[in-house]
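Participant: So that you have it, the file is work_25.cif, and it contains mmCIF, C-alpha atoms:
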```
data_model
#
loop_
_atom_site.label_atom_id
_atom_site.label_comp_id
_atom_site.auth_asym_id
_atom_site.auth_seq_id
_atom_site.Cartn_x
_atom_site.Cartn_y
_atom_site.Cartn_z
CA MET A 1 13.08 -36.70 4.03
CA ILE A 2 10.16 -34.31 4.43
CA GLU A 3 12.56 -31.62 5.59
CA ILE A 4 14.64 -31.93 2.43
CA LEU A 5 11.46 -31.56 0.36
CA TRP A 6 10.49 -28.44 2.30
CA PHE A 7 13.97 -27.05 1.84
CA MET A 8 13.74 -27.60 -1.93
CA VAL A 9 10.39 -25.77 -2.00
CA ASP A 10 11.94 -22.94 0.03
CA VAL A 11 14.91 -22.61 -2.30
CA MET A 12 12.62 -22.57 -5.32
CA LEU A 13 10.35 -19.89 -3.82
CA VAL A 14 13.33 -17.73 -2.86
CA LEU A 15 14.97 -18.00 -6.29
CA LEU A 16 11.68 -17.19 -8.01
CA LEU A 17 11.18 -14.19 -5.71
CA LEU A 18 14.66 -12.81 -6.35
CA ALA A 19 14.27 -13.33 -10.10
CA LEU A 20 10.93 -11.49 -10.13
CA ALA A 21 12.35 -8.64 -8.03
CA TRP A 22 15.33 -8.33 -10.35
CA THR A 23 13.24 -8.30 -13.53
CA THR A 24 10.80 -5.81 -11.95
CA CYS A 25 13.66 -3.47 -11.15
CA SER A 26 15.56 -3.84 -14.42
CA SER A 27 12.60 -3.80 -16.81
CA ARG A 28 12.71 -1.16 -19.56
CA ASP A 29 8.95 -0.70 -19.81
CA VAL A 30 6.69 0.57 -17.00
CA MET A 31 3.73 -1.63 -17.97
CA ARG A 32 5.94 -4.71 -17.84
CA ALA A 33 7.52 -3.67 -14.55
CA VAL A 34 4.13 -3.15 -12.89
CA THR A 35 2.86 -6.52 -14.12
CA LEU A 36 5.97 -8.24 -12.77
CA PHE A 37 5.54 -6.35 -9.50
CA ILE A 38 1.98 -7.69 -9.14
CA ALA A 39 3.29 -11.21 -9.81
CA MET A 40 5.92 -10.64 -7.11
CA GLY A 41 3.18 -9.58 -4.68
CA LEU A 42 1.29 -12.82 -5.29
CA LEU A 43 4.46 -14.86 -4.82
CA LEU A 44 5.10 -13.00 -1.55
CA ALA A 45 1.59 -13.96 -0.43
CA ILE A 46 2.52 -17.62 -0.99
CA ILE A 47 5.75 -17.09 0.95
CA TRP A 48 3.87 -15.51 3.88
CA ALA A 49 1.60 -18.56 3.92
CA ARG A 50 4.67 -20.81 3.88
CA LEU A 51 6.19 -18.91 6.82
CA LYS A 52 2.96 -19.40 8.81
CA ALA A 53 1.77 -15.81 8.55
CA PRO A 54 -1.73 -16.29 7.06
CA ASP A 55 -2.89 -12.80 8.13
CA LEU A 56 -0.11 -11.35 6.05
CA ALA A 57 -0.77 -13.69 3.14
CA LEU A 58 -4.34 -12.37 2.98
CA ALA A 59 -3.23 -8.76 3.30
CA GLU A 60 -0.49 -9.12 0.69
CA ALA A 61 -2.77 -10.82 -1.83
CA ILE A 62 -5.44 -8.12 -1.42
CA ILE A 63 -3.33 -5.00 -0.78
CA GLY A 64 0.21 -5.72 -1.98
CA ALA A 65 -0.80 -7.36 -5.23
CA GLY A 66 -4.40 -6.19 -5.75
CA ILE A 67 -4.80 -2.59 -4.60
CA SER A 68 -1.17 -1.53 -5.24
CA GLY A 69 -1.38 -3.12 -8.67
CA ALA A 70 -4.60 -1.24 -9.49
CA LEU A 71 -3.09 2.04 -8.22
CA LEU A 72 0.09 1.63 -10.25
CA LEU A 73 -1.65 0.43 -13.41
CA SER A 74 -4.00 3.42 -13.42
CA ALA A 75 -1.07 5.76 -12.69
CA ILE A 76 0.74 4.66 -15.86
CA ARG A 77 -1.78 6.76 -17.82
CA ASP A 78 -0.56 9.93 -16.05
CA TYR A 79 2.77 9.85 -17.87
CA PRO A 80 3.40 10.52 -21.55
CA SER A 81 5.84 7.63 -22.08
CA THR A 82 6.11 4.11 -20.68
CA ALA A 83 9.79 3.68 -21.54
CA ILE A 84 12.28 3.54 -18.64
CA ALA A 85 15.71 4.97 -19.41
CA VAL A 86 18.65 4.84 -17.02
CA ASP A 87 21.25 7.47 -17.83
CA ARG A 88 23.53 7.51 -14.83
CA SER A 89 27.20 8.03 -15.56
CA PRO A 90 29.43 4.90 -15.41
CA LEU A 91 31.15 6.28 -12.31
CA MET A 92 27.81 6.79 -10.52
CA HIS A 93 26.75 3.32 -11.63
CA SER A 94 29.79 1.67 -10.09
CA ILE A 95 29.49 3.75 -6.90
CA ILE A 96 25.87 2.61 -6.47
CA ASN A 97 26.83 -1.02 -7.18
CA THR A 98 29.69 -0.97 -4.69
CA PHE A 99 27.58 0.70 -2.03
CA THR A 100 24.72 -1.78 -2.44
CA MET A 101 27.14 -4.73 -2.44
CA ALA A 102 28.82 -3.56 0.78
CA LEU A 103 25.45 -3.01 2.45
CA THR A 104 24.29 -6.48 1.37
CA ILE A 105 27.35 -8.11 2.94
CA VAL A 106 26.90 -6.22 6.21
CA MET A 107 23.17 -7.01 6.34
CA SER A 108 23.76 -10.70 5.55
CA TRP A 109 26.25 -10.88 8.37
CA ALA A 110 23.78 -9.15 10.69
CA ALA A 111 21.00 -11.56 9.71
CA TRP A 112 23.25 -14.59 10.26
CA HIS A 113 24.52 -13.24 13.54
CA GLY A 114 21.06 -12.24 14.73
CA LEU A 115 19.54 -15.63 14.00
CA ASN A 116 22.36 -17.52 15.74
CA MET A 117 22.16 -15.53 18.95
CA SER A 118 20.33 -16.81 22.00
CA ASP A 119 16.60 -16.25 21.96
CA GLY A 120 16.50 -13.74 24.83
CA VAL A 121 13.09 -12.40 25.83
CA ARG A 122 10.63 -13.12 23.07
CA LEU A 123 7.54 -10.96 22.90
CA SER A 124 5.54 -13.94 21.66
CA GLU A 125 5.64 -15.47 25.17
CA GLN A 126 4.21 -12.30 26.68
CA VAL A 127 1.52 -12.18 23.98
CA ALA A 128 0.64 -15.84 24.61
CA SER A 129 0.40 -15.30 28.38
CA GLN A 130 -1.85 -12.23 28.01
CA LEU A 131 -3.97 -13.52 25.12
CA ALA A 132 -6.79 -14.64 27.44
CA VAL A 133 -7.52 -11.08 28.61
CA SER A 134 -7.21 -9.45 25.17
CA GLY A 135 -10.80 -10.21 24.14
CA VAL A 136 -9.79 -12.09 20.97
CA SER A 137 -8.01 -15.38 20.34
CA ASN A 138 -6.12 -14.49 17.14
CA PRO A 139 -2.73 -13.31 18.48
CA VAL A 140 -2.11 -10.95 15.53
CA THR A 141 -5.45 -9.18 16.09
CA ALA A 142 -4.71 -9.07 19.83
CA VAL A 143 -1.39 -7.32 19.15
CA LEU A 144 -2.88 -4.97 16.56
CA LEU A 145 -5.97 -3.84 18.42
CA ASN A 146 -5.19 -4.39 22.07
CA PHE A 147 -1.51 -4.63 23.05
CA ARG A 148 -0.26 -2.24 20.36
CA ALA A 149 -3.48 -0.32 19.70
CA TYR A 150 -1.55 2.96 19.55
CA ASP A 151 0.29 1.74 16.44
CA THR A 152 -2.95 0.88 14.71
CA LEU A 153 -4.55 4.21 15.63
CA LEU A 154 -1.57 6.08 14.21
CA GLU A 155 -1.60 3.83 11.17
CA LEU A 156 -5.18 4.87 10.47
CA ALA A 157 -3.98 8.47 10.82
CA VAL A 158 -1.25 7.77 8.23
CA VAL A 159 -3.80 6.33 5.82
CA LEU A 160 -6.06 9.36 6.34
CA THR A 161 -3.16 11.80 5.84
CA ALA A 162 -2.15 10.06 2.63
CA VAL A 163 -5.65 10.12 1.21
CA LEU A 164 -6.11 13.78 2.23
CA THR A 165 -2.95 14.60 0.28
CA VAL A 166 -4.36 12.76 -2.72
CA LEU A 167 -7.62 14.73 -2.40
CA ILE A 168 -5.85 18.08 -2.02
CA LEU A 169 -3.59 17.60 -5.03
CA ASN A 170 -5.78 16.33 -7.82
CA ASP A 171 -9.20 15.95 -9.34
CA LYS A 172 -10.47 12.50 -10.23
CA ARG A 173 -8.79 10.87 -13.24
CA ALA A 174 -10.67 11.04 -16.51
CA ASP A 175 -12.56 7.83 -17.23
CA SER A 176 -10.76 5.30 -19.39
CA THR A 177 -12.35 3.48 -22.30
CA ALA A 178 -15.94 2.24 -21.92
CA PRO A 179 -16.13 -1.15 -20.15
CA GLY A 180 -17.29 -4.22 -22.06
CA PRO A 181 -20.41 -6.26 -21.20
CA LEU A 182 -18.25 -9.14 -19.93
CA LEU A 183 -16.68 -6.99 -17.21
CA GLN A 184 -20.05 -5.55 -16.23
CA GLY A 185 -21.66 -8.97 -16.03
CA MET A 186 -18.79 -10.41 -14.00
CA THR A 187 -18.82 -7.42 -11.66
CA ARG A 188 -22.50 -8.00 -10.91
CA TRP A 189 -21.57 -11.47 -9.68
CA LEU A 190 -18.31 -10.59 -7.96
CA VAL A 191 -19.21 -7.48 -5.96
CA PRO A 192 -21.79 -9.13 -3.66
CA LEU A 193 -19.36 -12.01 -3.10
CA LEU A 194 -16.56 -9.57 -2.25
CA VAL A 195 -18.77 -7.66 0.19
CA VAL A 196 -19.81 -10.87 1.96
CA THR A 197 -16.18 -12.08 2.06
CA SER A 198 -15.17 -8.74 3.52
CA GLY A 199 -17.76 -9.06 6.29
CA TYR A 200 -16.59 -12.60 6.94
CA LEU A 201 -12.93 -11.52 7.18
CA LEU A 202 -13.91 -8.78 9.63
CA TRP A 203 -15.85 -11.15 11.86
CA VAL A 204 -13.42 -14.06 11.70
CA GLY A 205 -10.44 -11.81 12.58
CA ALA A 206 -11.20 -12.29 16.27
CA HIS A 207 -10.19 -15.94 16.30
CA ALA A 208 -8.63 -16.77 12.91
CA PRO A 209 -6.63 -15.03 10.16
CA GLY A 210 -8.44 -11.90 9.00
CA GLY A 211 -9.27 -8.51 10.44
CA ALA A 212 -10.01 -4.89 9.66
CA PHE A 213 -7.22 -4.31 7.14
CA GLN A 214 -7.95 -7.34 5.01
CA ALA A 215 -11.69 -6.68 5.20
CA GLY A 216 -11.29 -2.98 4.37
CA ALA A 217 -9.03 -3.71 1.42
CA MET A 218 -11.46 -6.36 0.16
CA LEU A 219 -14.30 -3.84 0.33
CA ALA A 220 -12.12 -1.31 -1.52
CA ALA A 221 -11.43 -3.94 -4.18
CA ALA A 222 -15.19 -4.34 -4.65
CA MET A 223 -15.57 -0.55 -5.02
CA ILE A 224 -12.69 -0.36 -7.51
CA LEU A 225 -14.26 -3.14 -9.56
CA LEU A 226 -17.59 -1.27 -9.55
CA GLN A 227 -15.81 1.92 -10.59
CA LEU A 228 -14.11 0.07 -13.47
CA ALA A 229 -17.28 -1.59 -14.73
CA TYR A 230 -19.63 1.37 -14.19
CA PRO A 231 -17.47 4.54 -14.45
CA SER A 232 -20.30 6.94 -13.53
CA ILE A 233 -21.45 4.99 -10.45
CA HIS A 234 -19.75 7.30 -7.95
CA GLN A 235 -21.87 10.23 -9.12
CA GLY A 236 -24.86 8.91 -7.21
CA PHE A 237 -22.86 8.75 -4.01
CA ASN A 238 -23.45 11.27 -1.25
CA LEU A 239 -20.11 13.03 -0.80
CA TYR A 240 -21.00 14.32 2.64
CA LEU A 241 -21.51 10.73 3.74
CA LEU A 242 -18.23 9.77 2.11
CA LYS A 243 -16.35 12.35 4.19
CA ILE A 244 -17.91 10.91 7.35
CA LEU A 245 -16.98 7.35 6.30
CA LEU A 246 -13.41 8.50 5.70
CA VAL A 247 -12.88 9.64 9.30
CA ILE A 248 -15.23 7.32 11.20
CA GLY A 249 -12.44 4.78 11.88
CA ILE A 250 -10.21 7.23 13.71
CA PHE A 251 -13.19 8.91 15.37
CA ILE A 252 -14.52 5.69 16.91
CA PHE A 253 -10.99 4.58 17.83
CA VAL A 254 -10.20 7.80 19.70
CA LEU A 255 -13.64 7.90 21.29
CA THR A 256 -13.22 4.35 22.60
CA GLY A 257 -9.74 5.21 23.83
CA LEU A 258 -11.00 8.25 25.73
CA TRP A 259 -13.91 6.30 27.17
CA MET A 260 -11.53 3.60 28.40
CA MET A 261 -9.35 6.36 29.82
CA SER A 262 -12.23 7.53 32.00
CA VAL A 263 -12.79 3.97 33.24
CA ASN A 264 -9.26 2.49 33.46
CA ASP A 265 -7.09 5.64 33.72
CA ASP A 266 -5.15 4.72 30.57
CA PHE A 267 -5.77 5.68 26.96
CA LEU A 268 -6.87 2.58 25.00
CA ALA A 269 -6.57 0.25 28.03
CA PHE A 270 -9.53 -2.07 27.41
CA SER A 271 -11.30 -3.80 30.28
CA PRO A 272 -10.98 -7.57 29.63
CA ALA A 273 -14.75 -8.04 30.02
CA HIS A 274 -15.62 -5.67 27.14
CA ALA A 275 -12.44 -5.95 25.07
CA GLY A 276 -13.92 -8.34 22.48
CA THR A 277 -16.92 -6.10 21.75
CA LEU A 278 -14.85 -2.92 21.68
CA ILE A 279 -12.34 -4.45 19.28
CA LEU A 280 -15.14 -5.53 16.95
CA VAL A 281 -16.69 -2.03 17.01
CA ILE A 282 -13.32 -0.38 16.30
CA GLU A 283 -12.54 -2.88 13.56
CA THR A 284 -15.89 -2.32 11.86
CA ALA A 285 -15.36 1.45 11.78
CA ALA A 286 -11.74 0.99 10.65
CA THR A 287 -12.84 -1.36 7.85
CA ILE A 288 -15.21 1.29 6.48
CA SER A 289 -12.59 4.05 6.68
CA ILE A 290 -9.87 1.96 5.07
CA ALA A 291 -12.22 0.94 2.26
CA ALA A 292 -13.20 4.58 1.63
CA ALA A 293 -9.56 5.74 1.75
CA LEU A 294 -8.24 3.09 -0.62
CA THR A 295 -11.10 3.63 -3.07
CA LEU A 296 -10.46 7.39 -3.14
CA ALA A 297 -6.72 6.74 -3.55
CA TYR A 298 -7.53 4.58 -6.59
CA ILE A 299 -9.87 7.18 -8.08
CA GLY A 300 -6.85 9.49 -7.85
CA GLY A 301 -8.41 12.68 -6.44
CA ARG A 302 -11.58 14.58 -5.64
CA PRO A 303 -14.67 12.93 -7.13
CA THR A 304 -16.93 15.09 -9.30
CA GLY A 305 -18.75 17.69 -7.18
CA TRP A 306 -16.37 17.43 -4.20
CA GLU A 307 -15.85 21.22 -4.00
CA ALA A 308 -19.58 22.01 -4.18
CA ASP A 309 -19.76 22.71 -0.44
CA ASN A 310 -16.42 24.49 -0.20
CA HIS A 311 -16.57 27.97 -1.70
CA GLY A 312 -12.90 28.85 -1.36
CA ASN A 313 -11.84 25.81 -3.31
CA ARG A 314 -14.48 26.27 -5.95
CA ALA A 315 -13.49 29.88 -6.55
CA MET A 316 -9.91 28.74 -7.06
CA THR A 317 -10.82 26.02 -9.54
CA GLU A 318 -13.01 28.43 -11.47
CA LYS A 319 -10.21 30.95 -11.59
CA GLY A 320 -7.81 28.23 -12.74
CA GLY A 321 -10.30 27.14 -15.39
CA ALA A 322 -10.74 30.72 -16.65
CA GLU A 323 -7.03 31.08 -17.23
CA MET B 1 14.64 -24.43 11.35
CA ILE B 2 17.54 -22.00 11.52
CA SER B 3 18.39 -22.86 7.92
CA THR B 4 14.85 -21.93 6.77
CA GLN B 5 14.96 -18.71 8.76
CA LEU B 6 18.40 -17.89 7.40
CA LEU B 7 17.39 -18.68 3.82
CA TYR B 8 14.39 -16.35 3.93
CA ALA B 9 16.24 -13.66 5.87
CA LEU B 10 19.01 -13.68 3.24
CA ALA B 11 16.36 -13.54 0.51
CA GLY B 12 14.98 -10.49 2.30
CA VAL B 13 18.44 -8.91 2.30
CA GLY B 14 18.75 -9.71 -1.41
CA LEU B 15 15.35 -8.16 -2.13
CA PHE B 16 16.31 -5.06 -0.16
CA ALA B 17 19.59 -4.74 -2.06
CA ILE B 18 17.93 -5.19 -5.49
CA GLY B 19 15.32 -2.59 -4.59
CA LEU B 20 17.81 -0.13 -3.16
CA ARG B 21 20.10 -0.36 -6.19
CA ALA B 22 17.21 0.27 -8.56
CA THR B 23 15.88 3.13 -6.40
CA LEU B 24 19.23 4.86 -6.66
CA LEU B 25 19.65 4.14 -10.38
CA HIS B 26 16.28 5.27 -11.72
CA HIS B 27 15.29 8.86 -12.49
CA LEU B 28 11.59 8.38 -13.22
CA LEU B 29 9.02 8.27 -10.44
CA LEU B 30 7.13 5.08 -11.28
CA PRO B 31 10.13 2.71 -11.59
CA ARG B 32 11.59 4.30 -8.49
CA LEU B 33 8.38 3.71 -6.59
CA LEU B 34 8.29 0.07 -7.71
CA ALA B 35 11.90 -0.36 -6.59
CA LEU B 36 11.16 1.22 -3.23
CA ASN B 37 8.25 -1.18 -2.76
CA VAL B 38 10.55 -4.12 -3.57
CA CYS B 39 12.93 -2.70 -0.96
CA GLY B 40 10.11 -2.63 1.60
CA ALA B 41 9.09 -6.19 0.76
CA GLY B 42 12.67 -7.24 1.58
CA VAL B 43 12.41 -5.66 5.04
CA PHE B 44 9.06 -7.41 5.62
CA LEU B 45 10.62 -10.73 4.61
CA ILE B 46 13.45 -10.31 7.13
CA PHE B 47 10.89 -9.61 9.88
CA ILE B 48 8.78 -12.64 9.05
CA ALA B 49 11.82 -14.90 8.70
CA ILE B 50 12.83 -13.92 12.25
CA ALA B 51 9.28 -14.55 13.51
CA TYR B 52 9.16 -18.06 11.97
CA ALA B 53 9.46 -20.88 14.52
CA GLY B 54 9.48 -24.08 12.49
CA ILE B 55 6.67 -26.13 10.94
CA GLU B 56 5.25 -27.15 14.33
CA GLY B 57 6.10 -24.04 16.37
CA MET B 58 3.87 -21.00 16.77
CA PRO B 59 5.40 -17.97 15.03
CA ASP B 60 5.90 -14.68 16.90
CA PRO B 61 2.75 -12.56 16.31
CA VAL B 62 4.38 -9.19 17.06
CA PRO B 63 6.45 -8.96 13.82
CA HIS B 64 3.37 -10.19 11.95
CA ALA B 65 1.33 -7.28 13.31
CA LEU B 66 4.16 -4.85 12.52
CA VAL B 67 4.43 -6.08 8.93
CA LEU B 68 0.65 -5.95 8.49
CA THR B 69 0.82 -2.30 9.55
CA GLY B 70 3.76 -1.87 7.19
CA ILE B 71 1.88 -3.24 4.17
CA VAL B 72 -1.00 -0.82 4.70
CA VAL B 73 1.33 2.14 5.28
CA ALA B 74 3.32 1.17 2.16
CA VAL B 75 0.24 1.22 -0.04
CA SER B 76 -0.83 4.60 1.44
CA ALA B 77 2.61 6.07 0.83
CA THR B 78 2.56 4.70 -2.73
CA ALA B 79 -0.82 6.31 -3.35
CA MET B 80 0.47 9.63 -2.00
CA ALA B 81 3.62 9.49 -4.13
CA LEU B 82 1.53 8.70 -7.21
CA ALA B 83 -0.72 11.70 -6.48
CA LEU B 84 2.31 13.97 -6.12
CA GLY B 85 3.74 12.60 -9.36
CA ARG B 86 0.46 13.17 -11.19
CA ARG B 87 0.26 16.75 -9.92
CA LEU B 88 3.84 17.37 -11.05
CA GLU B 89 3.07 15.93 -14.48
CA ASN B 90 0.00 18.20 -14.78
CA ILE B 91 2.03 21.27 -13.82
CA LYS B 92 4.69 20.33 -16.37
CA SER B 93 2.20 19.92 -19.23
CA ASP B 94 0.46 23.17 -18.19
CA ALA B 95 3.81 24.98 -18.25
CA ILE B 96 4.55 23.66 -21.73
CA LYS B 97 1.09 24.73 -22.89
CA SER B 98 1.34 28.26 -21.45
CA GLU B 99 4.87 28.57 -22.85
CA ALA B 100 3.48 27.69 -26.27
CA THR B 101 0.66 30.25 -26.04
CA LYS B 102 3.08 32.89 -24.75
CA SER B 103 5.46 32.45 -27.68
CA GLU B 104 2.42 32.44 -29.97
CA THR B 105 1.23 35.84 -28.65
CA LEU B 106 4.78 37.20 -28.79
CA LYS B 107 5.05 36.10 -32.39
CA SER B 108 1.75 37.71 -33.38
CA ALA B 109 2.71 40.87 -31.46
CA ALA B 110 6.02 40.97 -33.31
CA VAL B 111 4.32 40.35 -36.64
CA LYS B 112 1.64 43.03 -36.19
CA PRO B 113 3.74 46.21 -36.50
CA GLU B 114 5.41 44.88 -39.61
CA ALA B 115 2.04 44.14 -41.13
CA MET B 116 0.96 47.67 -40.30
CA ASN B 117 4.13 49.09 -41.89
CA ASP B 118 3.43 47.13 -45.03
CA GLU B 119 0.04 48.74 -45.24
#
```
Could you render the structure as structure tokens?
Facilitator:
Amino acid sequence: MIEILWFMVDVMLVLLLLALAWTTCSSRDVMRAVTLFIAMGLLLAIIWARLKAPDLALAEAIIGAGISGALLLSAIRDYPSTAIAVDRSPLMHSIINTFTMALTIVMSWAAWHGLNMSDGVRLSEQVASQLAVSGVSNPVTAVLLNFRAYDTLLELAVVLTAVLTVLILNDKRADSTAPGPLLQGMTRWLVPLLVVTSGYLLWVGAHAPGGAFQAGAMLAAAMILLQLAYPSIHQGFNLYLLKILLVIGIFIFVLTGLWMMSVNDDFLAFSPAHAGTLILVIETAATISIAAALTLAYIGGRPTGWEADNHGNRAMTEKGGAE
Amino acid sequence: MISTQLLYALAGVGLFAIGLRATLLHHLLLPRLLALNVCGAGVFLIFIAIAYAGIEGMPDPVPHALVLTGIVVAVSATAMALALGRRLENIKSDAIKSEATKSETLKSAAVKPEAMNDE
């Protein structure tokens, strides 16, 4: 009985998800499409929770729906029109449809076949057997920061590269309309709560759902909210400090890896006795860097005064301005 | 359990297909980016469906960690694409502006000699 109920819930979630994805992709207005996309992100968060992936549910709700949504919504202003026109030729249209259909059939077959095969060696057993020496008891954090620490280090590098590209290409977006008193009042209440929640997520990641990415994104959400409610707030921020915050995650990560290399002969091979502490230190630094990176990505470019200590860049902007 | 896994894995395939079709169909950057993100969400769903091990069972943490990485990388890539798009848009509007001023100066240059002749 209970299984049938679960199955009905599953079918409903899946149909809703596919409907939202379809309307997102076939919408004729960008504003509408982005709103539907945010709704799809929230639904995905529910689905991750249903599939027993609470770490992902947190990350999706904060990053997939929250930060992505903020990024996309502010990017709409960069374009002159919000209308979406599709003017592919009928032939092209049918080629794309046929291609997608064929790929769907092949992938469905692969999914069915893959799920009906024997289990083989599952990595989860290895993770479970090694969890005791990883320094943390949340298996996802253990995989992210101990067993597959390389991936996470390189992921931080990807985030840094992306935000450097953003900083190279553009100046900060012009401020939008002045915020109302309601937003400012609410922000005063929300930001401290978000900062505390972020610290909690960071700490709790060792033994329960949470961790550096969720915490960093939560902190970035607080900064974005501040930026929305008080558009000139970033002007008081020390940019030199900001640059340090941006790279501190990778710096501490590499430093720890090299230190462990001198002790254990392997890059990022943590000694079980210190693993818990090291992971917490790395995660704290990563949280700060991720928060700084996502906030800068939202701002959309160099904050005011960024070039002040870089003469080459400033000369170029001045030349560009003179033209 | 297999039926739940299969249901969500097929939903992931569906999401991927919807996203891919729209990515190929659209010309504009923003709708394309949205479609690509839908595509990515489909891949994540397939991963998590495979990791699922029933209501009582403990799911496989490795795909969870991979997808967590994927979500963060996806948002970074989206931010980068948006920055590139914004730069492109700025260059385009600058080009239109300079084109306008150029034709303006050409016009005034062409007009000048005639005005002098009239005098």
Participant: For the file shown, what are the residues hit by the PyMOL selection byres ((chain A) within 7 of (chain B)), laid out as an MDAnalysis selection string?
Facilitator: chainID A and resid 14 18 21:22 25 30 51:53 56 64 68 71 75 78:79 86 88 96:97 100 104 107:108 111:112 123:124 139:140 143:144 155 158:159 162:163 165:166 169:170 297 300
Participant: Looking at only C-alpha atoms, which of A:Met223, A:Leu280, A:Ala102, A:Ala19 is the one that sits closest to A:Val195?
Facilitator: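 Closest residue, counting only C-alpha atoms: A:Met223.
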Participant: Could you list the residues chosen by the PyMOL selection byres ((chain A and resi 292) around 8) in this structure as a list in words?
Facilitator: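 With the PyMOL selection byres ((chain A and resi 292) around 8) on this model, the match is Ala220, Leu242, Leu245, Leu246, Ile288, Ser289, Ile290, Ala291, Ala293, Leu294, Thr295 and Leu296 of chain A.
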Participant: Grab the atom CA of A:Ile279 to atom CA of A:Gln130 distance for me, in Å with one decimal place.
Facilitator: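 So the answer is 15.7 Å.
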Participant: Could you give me, as an NGL selection string, the residues within 9 Å of stretch 250-254 of chain A, counting all atoms listed in the file and dropping anything in the same chain fewer than 2 positions from it?
Facilitator: :A and (153-154 or 156-157 or 160 or 246-248 or 256-259 or 267-268 or 281-283 or 285-286 or 289)
Participant: For the residues in that selection, give me C-alpha atoms as a CSV table (one decimal), in the coordinates of the input.
Facilitator:
```
chain,number,residue,atom,x,y,z
A,153,LEU,CA,-4.6,4.2,15.6
A,154,LEU,CA,-1.6,6.1,14.2
A,156,LEU,CA,-5.2,4.9,10.5
A,157,ALA,CA,-4.0,8.5,10.8
A,160,LEU,CA,-6.1,9.4,6.3
A,246,LEU,CA,-13.4,8.5,5.7
A,247,VAL,CA,-12.9,9.6,9.3
A,248,ILE,CA,-15.2,7.3,11.2
A,256,THR,CA,-13.2,4.4,22.6
A,257,GLY,CA,-9.7,5.2,23.8
A,258,LEU,CA,-11.0,8.2,25.7
A,259,TRP,CA,-13.9,6.3,27.2
A,267,PHE,CA,-5.8,5.7,27.0
A,268,LEU,CA,-6.9,2.6,25.0
A,281,VAL,CA,-16.7,-2.0,17.0
A,282,ILE,CA,-13.3,-0.4,16.3
A,283,GLU,CA,-12.5,-2.9,13.6
A,285,ALA,CA,-15.4,1.4,11.8
A,286,ALA,CA,-11.7,1.0,10.6
A,289,SER,CA,-12.6,4.0,6.7
```
Participant: Please compute the atom CA of A:Pro272-atom CA of A:Val204 distance, one decimal, in Å.
Facilitator: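 Between atom CA of A:Pro272 and atom CA of A:Val204 the gap is 19.2 Å.
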Participant: What is the atom CA of A:Tyr230 to atom CA of A:Thr35 distance in Å?
Facilitator: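 Straight-line distance from atom CA of A:Tyr230 to atom CA of A:Thr35 works out to 23.8 Å.
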Participant: Given the file above and the PyMOL selection byres ((chain A and resi 171) around 7), which residues are selected, and can you give them as a count of residues only?
Facilitator: 6
Participant: Hey, which of A:Val263, A:Ala206, A:Leu182, A:Ala212 ends up closest to A:Thr277? Count all atoms listed in the file.
Facilitator: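 Using all atoms listed in the file, A:Thr277 sits closest to A:Ala206.
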Participant: Between A:Trp306, A:Phe7, A:Met12, A:Gly41, which has the minimum distance to A:Phe237 (counting all atoms listed in the file)?
Facilitator: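 Using all atoms listed in the file, the shortest distance to A:Phe237 belongs to A:Trp306.
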Participant: Up to 12 Å from (-18.7, -7.5, -9.8) in the file's coordinates: name the residues, counting only C-alpha atoms, as number ranges by chain.
Facilitator: A: 181-195, 219, 221-230
Participant: Check the smallest atom-to-atom distance from each of A:Ala57, A:Leu255, A:Leu73, A:Leu13 to A:Tyr298 using only C-alpha atoms, then report the winner.
Facilitator: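 Ranked by minimum distance to A:Tyr298, first place goes to A:Leu73.
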